[in-house]
Each structure stands twice: as C-alpha cells, then as structure tokens.
>>> print(open('input_22.txt').read())   # compact mmCIF, C-alpha atoms
# COMPACT_ATOMS: atom_id res chain seq x y z
CA MET Z 3 -7.00 -19.19 -10.29
CA VAL Z 4 -10.58 -20.04 -9.41
CA VAL Z 5 -9.30 -21.77 -6.28
CA ASP Z 6 -7.14 -18.73 -5.49
CA ALA Z 7 -10.14 -16.50 -5.94
CA ALA Z 8 -12.29 -18.73 -3.75
CA MET Z 9 -9.62 -18.68 -1.04
CA ARG Z 10 -9.31 -14.92 -1.27
CA GLY Z 11 -13.07 -14.60 -1.00
CA MET Z 12 -12.87 -16.12 2.44
CA ARG Z 13 -10.28 -13.65 3.68
CA PRO Z 14 -10.79 -9.97 4.40
CA GLU Z 15 -10.25 -7.54 1.54
CA ARG Z 16 -6.67 -6.49 0.92
CA LYS Z 17 -6.18 -3.07 2.41
CA PRO Z 18 -3.82 -0.50 1.02
CA SER Z 19 -4.81 -0.20 -2.63
CA ARG Z 20 -7.38 2.57 -2.31
CA ARG Z 21 -5.16 4.82 -0.28
CA ASN Z 22 -4.35 8.25 -1.67
CA PRO Z 23 -0.56 8.32 -2.28
CA LEU Z 24 -0.53 12.05 -1.51
CA TYR Z 25 -2.44 11.73 1.76
CA VAL Z 26 -1.17 13.84 4.64
CA PRO Z 27 -2.98 13.05 7.90
CA PRO Z 28 -4.54 16.00 9.69
CA THR Z 29 -3.11 17.34 12.92
CA PRO Z 30 -5.27 16.61 15.99
CA GLN Z 31 -6.41 20.25 15.83
CA GLN Z 32 -7.40 19.98 12.18
CA ALA Z 33 -9.15 16.65 12.77
CA ALA Z 34 -11.09 18.11 15.71
CA TRP Z 35 -12.20 21.15 13.72
CA GLN Z 36 -13.13 18.98 10.74
CA HIS Z 37 -15.24 16.90 13.09
CA VAL Z 38 -17.12 20.06 14.03
CA THR Z 39 -17.53 21.36 10.47
CA GLY Z 40 -18.42 17.90 9.12
CA THR Z 41 -21.11 17.45 11.75
CA PHE Z 42 -22.58 20.91 11.19
CA ARG Z 43 -22.44 20.70 7.42
CA ALA Z 44 -24.20 17.34 7.44
CA PHE Z 45 -26.85 18.60 9.81
CA ALA Z 46 -27.40 21.89 7.97
CA GLU Z 47 -27.69 20.09 4.64
CA TRP Z 48 -30.12 17.58 6.08
CA ALA Z 49 -32.30 19.97 8.09
CA SER Z 50 -34.83 21.17 5.54
CA ASP Z 51 -38.32 22.14 6.74
CA ASP Z 52 -39.64 18.80 5.50
CA THR Z 53 -37.07 16.62 7.22
CA LEU Z 54 -37.38 18.62 10.43
CA ALA Z 55 -41.17 18.14 10.34
CA LEU Z 56 -40.64 14.40 9.92
CA ALA Z 57 -38.17 14.39 12.81
CA ARG Z 58 -40.69 16.17 14.98
CA GLU Z 59 -43.28 13.48 14.27
CA GLY Z 60 -40.63 10.87 15.05
CA MET Z 61 -39.88 12.58 18.34
CA THR Z 62 -43.54 12.56 19.28
CA GLU Z 63 -43.72 8.85 18.56
CA ALA Z 64 -40.51 8.16 20.51
CA GLN Z 65 -41.50 10.24 23.51
CA ASP Z 66 -42.85 7.31 25.51
CA GLY Z 67 -39.88 5.13 24.59
CA GLN Z 68 -37.67 3.57 27.19
CA PHE Z 69 -34.63 5.63 26.21
CA HIS Z 70 -36.17 8.96 25.34
CA HIS Z 71 -34.57 10.60 28.36
CA LEU Z 72 -31.14 9.58 27.05
CA ASP Z 73 -31.90 11.27 23.71
CA VAL Z 74 -33.07 14.41 25.52
CA ALA Z 75 -29.87 14.47 27.56
CA ALA Z 76 -27.69 13.91 24.49
CA ILE Z 77 -29.43 16.72 22.59
CA ALA Z 78 -29.01 19.04 25.57
CA ALA Z 79 -25.29 18.22 25.86
CA GLY Z 80 -24.82 18.64 22.09
CA SER Z 81 -26.66 21.97 22.09
CA GLU Z 82 -24.42 23.23 24.87
CA ALA Z 83 -21.32 22.37 22.85
CA PHE Z 84 -22.81 23.96 19.72
CA THR Z 85 -23.52 27.17 21.62
CA LYS Z 86 -19.94 27.21 22.84
CA ILE Z 87 -18.64 26.83 19.29
CA LYS Z 88 -20.84 29.65 18.04
CA GLU Z 89 -19.44 31.87 20.78
CA TRP Z 90 -15.93 31.36 19.39
CA PHE Z 91 -16.93 33.26 16.26
CA ASP Z 92 -18.01 36.24 18.31
CA ALA Z 93 -15.00 36.14 20.60
CA MET L 185 -4.95 -21.48 -14.52
CA LEU L 186 -1.92 -20.48 -16.54
CA ASP L 187 -0.51 -16.97 -16.33
CA SER L 188 -1.54 -16.33 -19.92
CA GLN L 189 -5.06 -17.45 -19.04
CA SER L 190 -5.02 -15.12 -16.03
CA ALA L 191 -3.99 -12.23 -18.25
CA ALA L 192 -6.70 -13.06 -20.74
CA PHE L 193 -9.28 -13.20 -17.96
CA ALA L 194 -8.13 -9.79 -16.65
CA GLU L 195 -8.36 -8.36 -20.15
CA ARG L 196 -11.87 -9.72 -20.53
CA VAL L 197 -12.79 -8.14 -17.16
CA TRP L 198 -11.57 -4.72 -18.32
CA GLU L 199 -13.36 -5.11 -21.63
CA VAL L 200 -16.69 -5.94 -19.95
CA ALA L 201 -16.12 -3.23 -17.34
CA SER L 202 -15.93 -0.65 -20.11
CA GLN L 203 -19.36 -1.78 -21.31
CA LEU L 204 -21.15 -2.57 -18.04
CA GLY L 205 -19.29 -0.34 -15.56
CA ASN L 206 -16.96 -1.29 -12.71
CA ASN L 207 -19.50 -3.46 -10.96
CA ALA L 208 -17.81 -6.71 -9.97
CA PRO L 209 -20.92 -8.93 -9.52
CA THR L 210 -22.35 -7.78 -12.88
CA ILE L 211 -19.04 -8.43 -14.61
CA ALA L 212 -18.62 -11.83 -12.92
CA ASP L 213 -22.12 -12.92 -13.92
CA ASP L 214 -21.51 -11.78 -17.45
CA ILE L 215 -18.26 -13.61 -18.04
CA MET L 216 -17.97 -16.58 -15.69
CA GLY L 217 -20.02 -19.01 -17.80
CA GLU L 218 -17.93 -18.32 -20.85
CA ALA L 219 -14.60 -18.08 -19.04
CA PHE L 220 -15.01 -21.26 -16.96
CA PRO L 221 -17.65 -23.43 -18.67
CA LEU L 222 -16.51 -26.73 -17.21
CA THR L 223 -15.90 -25.35 -13.73
CA CYS L 224 -19.31 -23.69 -13.75
CA SER L 225 -21.21 -26.80 -14.83
CA GLN L 226 -19.28 -28.88 -12.31
CA ALA L 227 -19.93 -26.34 -9.56
CA ARG L 228 -23.61 -26.25 -10.49
CA ALA L 229 -23.77 -30.06 -10.31
CA GLU L 230 -22.08 -30.07 -6.92
CA GLY L 231 -24.09 -27.18 -5.48
CA ALA L 232 -21.00 -24.96 -5.22
CA MET L 233 -22.13 -22.29 -7.67
CA ARG L 234 -22.73 -19.62 -5.05
CA MET L 235 -19.27 -20.14 -3.54
CA LEU L 236 -17.63 -20.16 -6.96
CA ARG L 237 -19.41 -16.92 -7.87
CA ILE L 238 -18.23 -15.25 -4.63
CA GLY L 239 -14.66 -16.24 -5.42
CA ILE L 240 -14.86 -14.97 -8.97
CA ILE L 241 -16.43 -11.67 -7.86
CA SER L 242 -13.56 -11.25 -5.43
CA GLU L 243 -11.03 -11.84 -8.20
CA VAL L 244 -12.83 -9.41 -10.51
CA LYS L 245 -12.70 -6.79 -7.73
CA ARG L 246 -8.98 -7.34 -7.37
CA ILE L 247 -8.45 -6.91 -11.11
CA LEU L 248 -10.52 -3.71 -11.14
CA ARG L 249 -8.56 -2.32 -8.19
CA ASN L 250 -5.26 -3.11 -9.85
CA ARG L 251 -6.31 -1.13 -12.86
CA HIS L 252 -6.57 1.89 -10.57
CA ASP L 253 -3.02 1.11 -9.49
CA VAL L 254 -1.88 1.54 -13.09
CA LEU L 255 -2.26 5.23 -12.41
CA THR L 256 1.19 5.91 -10.97
CA GLN L 257 1.88 8.21 -8.06
CA THR L 258 3.41 10.80 -10.40
CA ASP L 259 0.43 10.72 -12.77
CA PHE L 260 -1.89 11.04 -9.84
CA ALA L 261 0.04 14.01 -8.42
CA ASP L 262 0.36 15.72 -11.81
CA ARG L 263 -3.29 15.42 -12.60
CA CYS L 264 -4.27 16.72 -9.16
CA ASP L 265 -1.71 19.54 -9.26
CA ALA L 266 -4.07 22.50 -9.25
CA PHE L 267 -5.82 21.21 -6.14
CA ALA L 268 -2.84 19.56 -4.47
CA PRO L 269 -3.37 20.79 -0.88
CA LEU L 270 -7.01 19.71 -0.92
CA VAL L 271 -6.26 16.37 -2.53
CA SER L 272 -3.60 15.58 0.07
CA ASP L 273 -6.33 15.82 2.73
CA LEU L 274 -8.20 12.92 1.13
CA ARG L 275 -7.55 9.46 2.48
CA SER L 276 -8.53 7.50 -0.60
CA LYS L 277 -7.52 7.80 -4.17
CA SER L 278 -10.91 6.78 -5.48
CA TYR L 279 -14.46 7.36 -4.28
CA PHE L 280 -17.72 5.62 -4.97
CA VAL L 281 -19.97 7.37 -7.46
CA GLU L 282 -23.46 6.06 -6.96
CA SER L 283 -24.92 7.07 -10.32
CA ALA L 284 -22.09 5.27 -12.10
CA GLU L 285 -22.02 2.40 -9.58
CA GLU L 286 -18.26 2.46 -9.51
CA TYR L 287 -15.19 3.85 -7.78
CA VAL L 288 -13.71 6.81 -9.65
CA VAL L 289 -10.16 8.06 -9.06
CA VAL L 290 -9.73 11.61 -7.74
CA PRO L 291 -8.19 13.10 -10.94
CA ASP L 292 -11.24 11.89 -12.88
CA LEU L 293 -13.54 13.34 -10.21
CA ILE L 294 -11.77 16.69 -10.59
CA ALA L 295 -12.23 16.49 -14.36
CA GLU L 296 -15.95 15.73 -13.98
CA PRO L 297 -17.44 17.78 -11.15
CA ASP L 298 -20.84 16.07 -11.57
CA LEU L 299 -19.23 12.81 -10.48
CA LEU L 300 -17.45 14.61 -7.65
CA ASP L 301 -20.77 16.03 -6.50
CA ASP L 302 -22.27 12.54 -6.55
CA ALA L 303 -19.28 11.13 -4.62
CA ARG L 304 -19.46 13.74 -1.85
CA ARG L 305 -23.23 13.31 -1.48
CA PHE L 306 -22.87 9.54 -1.30
CA MET L 307 -20.13 9.83 1.31
CA ARG L 308 -22.20 12.15 3.49
CA ARG L 309 -25.31 10.00 3.17
CA LYS L 310 -23.28 6.98 4.26
CA GLY L 311 -22.02 8.98 7.23
CA LEU L 312 -25.56 9.88 8.27
CA GLU L 313 -26.66 6.27 7.86
CA CYS L 314 -23.78 5.19 10.12
CA LEU L 315 -24.74 7.76 12.76
CA ALA L 316 -28.37 6.61 12.72
CA GLU L 317 -27.29 2.98 12.98
CA ALA L 318 -24.96 3.84 15.89
CA ASP L 319 -27.95 5.45 17.56
CA ARG L 320 -29.90 2.20 17.25
CA LEU L 321 -26.91 0.32 18.65
CA ASP L 322 -26.87 2.81 21.55
CA ALA L 323 -30.45 1.86 22.37
CA LEU L 324 -29.63 -1.84 22.21
CA TYR L 325 -26.52 -1.30 24.35
CA ALA L 326 -28.54 0.63 26.91
CA ALA L 327 -31.11 -2.16 26.98
CA VAL L 328 -28.52 -4.93 27.26
CA THR L 329 -26.52 -3.26 30.03
CA GLY L 330 -29.52 -1.74 31.82
CA GLU L 331 -27.85 1.64 31.39
CA LYS L 332 -30.14 4.45 32.45
CA THR L 333 -27.88 7.45 32.79
CA THR L 334 -25.20 7.61 30.09
CA ALA L 335 -26.34 10.25 27.67
CA VAL L 336 -23.37 10.54 25.39
CA ALA L 337 -21.01 7.74 24.54
CA THR L 338 -17.35 8.54 24.41
CA ILE L 339 -16.38 9.09 20.83
CA SER L 340 -13.15 7.30 20.13
CA ASN L 341 -11.52 9.57 17.63
CA LEU L 342 -8.07 8.89 18.97
CA LYS L 343 -6.93 7.40 15.69
CA PRO L 344 -8.20 9.76 13.03
CA ASP L 345 -5.79 8.20 10.59
CA MET L 346 -7.29 4.74 10.81
CA GLY L 347 -9.55 3.18 8.28
CA GLU L 348 -10.27 3.96 4.68
CA PHE L 349 -13.15 5.67 3.04
>>> encode(input="input_22.txt", output="structure tokens")
Amino acid sequence: MVVDAAMRGMRPERKPSRRNPLYVPPTPQQAAWQHVTGTFRAFAEWASDDTLALAREGMTEAQDGQFHHLDVAAIAAGSEAFTKIKEWFDA
Amino acid sequence: MLDSQSAAFAERVWEVASQLGNNAPTIADDIMGEAFPLTCSQARAEGAMRMLRIGIISEVKRILRNRHDVLTQTDFADRCDAFAPLVSDLRSKSYFVESAEEYVVVPDLIAEPDLLDDARRFMRRKGLECLAEADRLDALYAAVTGEKTTAVATISNLKPDMGEF
C-alpha cells in the first residue's frame, strides 16, 4: 500500500469525488449574471475606507510603473461596463 | 499490505482525524511511525523519508475523501432538502473551512452556519487572491511579449462548468 500511495502521489489528484451529486450547471445567462454579481459582491465587500486608502497609496507608488497605462485603460473599460449594468436597473 | 491491514490503517486515519481534524499531513505525521515502523526506519536510512511521507499523505487524503463518499446521494439530497435549489447550484459537495482546517460537506455547513460563513469567506478570499495573481501574470505577460496596448485580456469563461471548487 505504501508503494501504491507513493505512486499515487506522483499522479494528479483523482477528480470526481468532491462533486456535488445534485449540481445543475447554470445556463450561459445565469453564469454571466453570476459573474457580474460575484465580481460586484467581492469588490463591495473588500472596498472599505481602509482598503481603499491602501489601494490609493498603491496606485501612487505604481504610477511610474511600466504598465500603469494598461491598468488605467482596464479600469476605464471596467467602469464603462459597470455604468452600463447600473443603467439596466433604471431601464 | 494486506486488505485487512489497509482497513486497519483507514480506521486509524478516521480515529486520528476525529481528534486532530481532517488535515492529511498532520494525520500522516501522527500515525506513519507507528503504522509503518520498519518502512519508516528503512526510508530514513535511505533518504526516502520525504517521498514516503508524500505518498502516505496522499493515501490519507484519499481515505478522508472516501469517508465523504459514505454520505450517499439520497442522504445528501434529504439533508439539503430545505435549500435544494440553492444547493444544486453548488459545484462541490464539500467546502474548505479555514478555522477547522478541513473540508466540510454541504449538509453539515447548512447545520452550522458559522462554518458556512467561514467557507464562503475563504472561497471569496481565494478568488481575490487569484485575481491579484492573474494581474501580476498580466504584467509579466506584457513584459515578455512587449505588449503595450492590450488593456483587458479576453476572459475565457466559455466552459463555466469546468473545474471544481
């Protein structure tokens, strides 16, 4: 058994055992909406005054970085999408 | 190892798990010397102790997982009945509870909301850690490829059903 165990240790973990037997995969629509809510929920939960202040300091430090413009562009694109989503509620 | 020895080893694993929690390395360290005295001293002499330990940890993990499998599909469904539609959205049947350092099956999480709270917080924190790490990979990728313009990578969420949490 020790040899079996050693052999198994070298292979990837066996997969299916942790799967929920009742699992029903989401529709693409549900998955897309859950992506939105999951992202927002995570961000809202994270964004306390303290963590935002830390992030602001981090931004200041990163401002001269080689890829800062990519971050700025990504945040702009994300904000645009977020605005669009907010508009759905008012529509 | 004989089947009866295997069964005895599994029983010992469960026994120690009930005292020390479902933490495979802790359990392996606790029992391997006693369970395999000759193998351990031989492995130590031959410098194979680390490899032996890895193998035993892997076997302990398998035994712990199989205990979860003892919970049959019907039991699982019955015990989740009141929250069936929400439970069927979950990919896994057990989730890691950090304070307990172990995977806990969904019916037990429902029975103990403190554990459920811990599990959801741990899952979200992992998600945020992954996002931050992906961000660092983005920077490396941009540096490696000399990319100057791509702001947002394409998110491949084409297979939402893949993977396990």
>>> residues_around(input="input_22.txt", residues="Arg320 of chain L", least_positions_apart="6", cutoff="12 Å", atoms="all atoms listed in the file", output="ChimeraX atom specification")
/Z:69,73 /L:313-314,326-327
>>> write_last_selection(input="input_22.txt", atoms="C-alpha atoms", output="PDB file, keeping the file's coordinate frame")
ATOM      1  CA  PHE Z  69     -34.630   5.630  26.210  1.00  0.00           C
ATOM      2  CA  ASP Z  73     -31.900  11.270  23.710  1.00  0.00           C
TER       3      ASP Z  73
ATOM      4  CA  GLU L 313     -26.660   6.270   7.860  1.00  0.00           C
ATOM      5  CA  CYS L 314     -23.780   5.190  10.120  1.00  0.00           C
ATOM      6  CA  ALA L 326     -28.540   0.630  26.910  1.00  0.00           C
ATOM      7  CA  ALA L 327     -31.110  -2.160  26.980  1.00  0.00           C
TER       8      ALA L 327
END
>>> axis_aligned_box(input="input_22.txt", around="segment 312-319 of chain L", padding_each_side="6 Å", output="lines of an AutoDock Vina configuration file")
center_x = -26.1
center_y = 6.4
center_z = 12.7
size_x = 16.6
size_y = 18.9
size_z = 21.7
>>> residues_around(input="input_22.txt", residues="Cys264 of chain L", least_positions_apart="4", cutoff="10 Å", atoms="all atoms listed in the file", output="PyMOL selection string")
(chain Z and resi 24) or (chain L and resi 258-260+268-272+290-295)
>>> closest_residue(input="input_22.txt", among="Z:Thr62, Z:Asn22, Z:Thr53, Z:Gln31", to="Asp273 of chain L", atoms="all atoms listed in the file")
Z:Asn22
>>> residues_around(input="input_22.txt", residues="Gly205 of chain L", least_positions_apart="6", cutoff="10 Å", atoms="only C-alpha atoms", output="PDB file with C-alpha atoms, keeping the file's coordinate frame")
ATOM      1  CA  TRP L 198     -11.570  -4.720 -18.320  1.00  0.00           C
ATOM      2  CA  GLU L 199     -13.360  -5.110 -21.630  1.00  0.00           C
ATOM      3  CA  ILE L 211     -19.040  -8.430 -14.610  1.00  0.00           C
ATOM      4  CA  ALA L 284     -22.090   5.270 -12.100  1.00  0.00           C
ATOM      5  CA  GLU L 285     -22.020   2.400  -9.580  1.00  0.00           C
ATOM      6  CA  GLU L 286     -18.260   2.460  -9.510  1.00  0.00           C
ATOM      7  CA  TYR L 287     -15.190   3.850  -7.780  1.00  0.00           C
TER       8      TYR L 287
END
>>> atom_distance(input="input_22.txt", atom1="atom CA of Ile240 of chain L", atom2="atom CA of Pro23 of chain Z")
28.1 Å
>>> residues_around(input="input_22.txt", residues="segment 191-196 of chain L", least_positions_apart="5", cutoff="9 Å", atoms="all atoms listed in the file", output="PyMOL selection string")
chain L and resi 186+201+215+219+244+247-248
>>> closest_residue(input="input_22.txt", among="L:Ala229, L:Met216, L:Ala323, L:Asn206", to="chain Z", atoms="all atoms listed in the file")
L:Ala323
>>> closest_residue(input="input_22.txt", among="Z:Ala46, Z:Ala34, Z:Leu54, Z:Ala76", to="chain L", atoms="all atoms listed in the file")
Z:Ala76
>>> atom_distance(input="input_22.txt", atom1="atom CA of Leu204 of chain L", atom2="atom CA of Ser278 of chain L")
18.7 Å
>>> closest_residue(input="input_22.txt", among="Z:Ala57, Z:Ala64, Z:Val74, Z:Val38", to="chain L", atoms="all atoms listed in the file")
Z:Val74
>>> residues_around(input="input_22.txt", residues="Leu312 of chain L", least_positions_apart="5", cutoff="10 Å", atoms="only C-alpha atoms", output="list in words")
Thr41, Ala44, Phe45 and Trp48 of chain Z; Phe306, Met307, Glu317 and Ala318 of chain L
>>> atom_distance(input="input_22.txt", atom1="atom CA of Arg20 of chain Z", atom2="atom CA of Ser276 of chain L")
5.3 Å
>>> decode(input="input_22.txt", residues="segment 61-91 of chain Z", atoms="N, CA and C atoms", output="PDB file, in the first residue's frame")
ATOM      1  N   MET Z  61      -1.608  52.837  -5.755  1.00  0.00           N
ATOM      2  CA  MET Z  61      -1.707  53.446  -7.079  1.00  0.00           C
ATOM      3  C   MET Z  61      -0.633  54.512  -7.255  1.00  0.00           C
ATOM      4  N   THR Z  62      -0.464  55.318  -6.201  1.00  0.00           N
ATOM      5  CA  THR Z  62       0.555  56.371  -6.280  1.00  0.00           C
ATOM      6  C   THR Z  62       1.937  55.764  -6.525  1.00  0.00           C
ATOM      7  N   GLU Z  63       2.207  54.679  -5.802  1.00  0.00           N
ATOM      8  CA  GLU Z  63       3.512  54.017  -5.977  1.00  0.00           C
ATOM      9  C   GLU Z  63       3.656  53.439  -7.384  1.00  0.00           C
ATOM     10  N   ALA Z  64       2.539  52.930  -7.940  1.00  0.00           N
ATOM     11  CA  ALA Z  64       2.607  52.223  -9.223  1.00  0.00           C
ATOM     12  C   ALA Z  64       2.579  53.180 -10.423  1.00  0.00           C
ATOM     13  N   GLN Z  65       2.304  54.444 -10.125  1.00  0.00           N
ATOM     14  CA  GLN Z  65       2.037  55.396 -11.207  1.00  0.00           C
ATOM     15  C   GLN Z  65       3.163  55.512 -12.243  1.00  0.00           C
ATOM     16  N   ASP Z  66       4.394  55.341 -11.772  1.00  0.00           N
ATOM     17  CA  ASP Z  66       5.520  55.464 -12.710  1.00  0.00           C
ATOM     18  C   ASP Z  66       5.867  54.120 -13.346  1.00  0.00           C
ATOM     19  N   GLY Z  67       5.114  53.095 -12.968  1.00  0.00           N
ATOM     20  CA  GLY Z  67       5.422  51.751 -13.466  1.00  0.00           C
ATOM     21  C   GLY Z  67       5.225  51.634 -14.970  1.00  0.00           C
ATOM     22  N   GLN Z  68       5.871  50.610 -15.492  1.00  0.00           N
ATOM     23  CA  GLN Z  68       5.898  50.411 -16.942  1.00  0.00           C
ATOM     24  C   GLN Z  68       4.503  50.126 -17.515  1.00  0.00           C
ATOM     25  N   PHE Z  69       3.628  49.546 -16.679  1.00  0.00           N
ATOM     26  CA  PHE Z  69       2.339  49.091 -17.203  1.00  0.00           C
ATOM     27  C   PHE Z  69       1.159  49.860 -16.629  1.00  0.00           C
ATOM     28  N   HIS Z  70       1.455  50.980 -16.009  1.00  0.00           N
ATOM     29  CA  HIS Z  70       0.385  51.732 -15.361  1.00  0.00           C
ATOM     30  C   HIS Z  70      -0.711  52.120 -16.356  1.00  0.00           C
ATOM     31  N   HIS Z  71      -0.289  52.458 -17.570  1.00  0.00           N
ATOM     32  CA  HIS Z  71      -1.293  52.864 -18.567  1.00  0.00           C
ATOM     33  C   HIS Z  71      -2.247  51.723 -18.900  1.00  0.00           C
ATOM     34  N   LEU Z  72      -1.762  50.475 -18.794  1.00  0.00           N
ATOM     35  CA  LEU Z  72      -2.649  49.333 -19.055  1.00  0.00           C
ATOM     36  C   LEU Z  72      -3.689  49.219 -17.941  1.00  0.00           C
ATOM     37  N   ASP Z  73      -3.252  49.471 -16.690  1.00  0.00           N
ATOM     38  CA  ASP Z  73      -4.188  49.436 -15.564  1.00  0.00           C
ATOM     39  C   ASP Z  73      -5.239  50.527 -15.721  1.00  0.00           C
ATOM     40  N   VAL Z  74      -4.790  51.713 -16.106  1.00  0.00           N
ATOM     41  CA  VAL Z  74      -5.723  52.838 -16.287  1.00  0.00           C
ATOM     42  C   VAL Z  74      -6.758  52.484 -17.350  1.00  0.00           C
ATOM     43  N   ALA Z  75      -6.291  51.893 -18.433  1.00  0.00           N
ATOM     44  CA  ALA Z  75      -7.209  51.528 -19.521  1.00  0.00           C
ATOM     45  C   ALA Z  75      -8.187  50.448 -19.068  1.00  0.00           C
ATOM     46  N   ALA Z  76      -7.678  49.484 -18.303  1.00  0.00           N
ATOM     47  CA  ALA Z  76      -8.550  48.392 -17.833  1.00  0.00           C
ATOM     48  C   ALA Z  76      -9.613  48.939 -16.882  1.00  0.00           C
ATOM     49  N   ILE Z  77      -9.209  49.856 -16.003  1.00  0.00           N
ATOM     50  CA  ILE Z  77     -10.169  50.431 -15.052  1.00  0.00           C
ATOM     51  C   ILE Z  77     -11.219  51.259 -15.803  1.00  0.00           C
ATOM     52  N   ALA Z  78     -10.794  51.969 -16.818  1.00  0.00           N
ATOM     53  CA  ALA Z  78     -11.737  52.755 -17.616  1.00  0.00           C
ATOM     54  C   ALA Z  78     -12.743  51.840 -18.312  1.00  0.00           C
ATOM     55  N   ALA Z  79     -12.230  50.755 -18.917  1.00  0.00           N
ATOM     56  CA  ALA Z  79     -13.126  49.826 -19.630  1.00  0.00           C
ATOM     57  C   ALA Z  79     -14.085  49.158 -18.649  1.00  0.00           C
ATOM     58  N   GLY Z  80     -13.572  48.768 -17.469  1.00  0.00           N
ATOM     59  CA  GLY Z  80     -14.413  48.147 -16.451  1.00  0.00           C
ATOM     60  C   GLY Z  80     -15.491  49.114 -15.979  1.00  0.00           C
ATOM     61  N   SER Z  81     -15.098  50.366 -15.739  1.00  0.00           N
ATOM     62  CA  SER Z  81     -16.059  51.366 -15.250  1.00  0.00           C
ATOM     63  C   SER Z  81     -17.188  51.562 -16.256  1.00  0.00           C
ATOM     64  N   GLU Z  82     -16.822  51.548 -17.525  1.00  0.00           N
ATOM     65  CA  GLU Z  82     -17.827  51.730 -18.569  1.00  0.00           C
ATOM     66  C   GLU Z  82     -18.858  50.605 -18.524  1.00  0.00           C
ATOM     67  N   ALA Z  83     -18.349  49.377 -18.352  1.00  0.00           N
ATOM     68  CA  ALA Z  83     -19.256  48.220 -18.263  1.00  0.00           C
ATOM     69  C   ALA Z  83     -20.113  48.321 -17.006  1.00  0.00           C
ATOM     70  N   PHE Z  84     -19.512  48.737 -15.904  1.00  0.00           N
ATOM     71  CA  PHE Z  84     -20.262  48.854 -14.644  1.00  0.00           C
ATOM     72  C   PHE Z  84     -21.371  49.888 -14.779  1.00  0.00           C
ATOM     73  N   THR Z  85     -21.083  50.990 -15.439  1.00  0.00           N
ATOM     74  CA  THR Z  85     -22.100  52.031 -15.648  1.00  0.00           C
ATOM     75  C   THR Z  85     -23.267  51.465 -16.449  1.00  0.00           C
ATOM     76  N   LYS Z  86     -22.913  50.701 -17.482  1.00  0.00           N
ATOM     77  CA  LYS Z  86     -23.934  50.088 -18.326  1.00  0.00           C
ATOM     78  C   LYS Z  86     -24.844  49.190 -17.486  1.00  0.00           C
ATOM     79  N   ILE Z  87     -24.235  48.387 -16.633  1.00  0.00           N
ATOM     80  CA  ILE Z  87     -25.011  47.454 -15.798  1.00  0.00           C
ATOM     81  C   ILE Z  87     -25.933  48.217 -14.852  1.00  0.00           C
ATOM     82  N   LYS Z  88     -25.421  49.295 -14.296  1.00  0.00           N
ATOM     83  CA  LYS Z  88     -26.256  50.102 -13.391  1.00  0.00           C
ATOM     84  C   LYS Z  88     -27.463  50.672 -14.133  1.00  0.00           C
ATOM     85  N   GLU Z  89     -27.242  51.020 -15.386  1.00  0.00           N
ATOM     86  CA  GLU Z  89     -28.337  51.586 -16.187  1.00  0.00           C
ATOM     87  C   GLU Z  89     -29.466  50.576 -16.399  1.00  0.00           C
ATOM     88  N   TRP Z  90     -29.128  49.288 -16.393  1.00  0.00           N
ATOM     89  CA  TRP Z  90     -30.170  48.270 -16.586  1.00  0.00           C
ATOM     90  C   TRP Z  90     -31.214  48.351 -15.477  1.00  0.00           C
ATOM     91  N   PHE Z  91     -30.758  48.679 -14.271  1.00  0.00           N
ATOM     92  CA  PHE Z  91     -31.697  48.746 -13.147  1.00  0.00           C
ATOM     93  C   PHE Z  91     -32.704  49.871 -13.345  1.00  0.00           C
TER      94      PHE Z  91
END
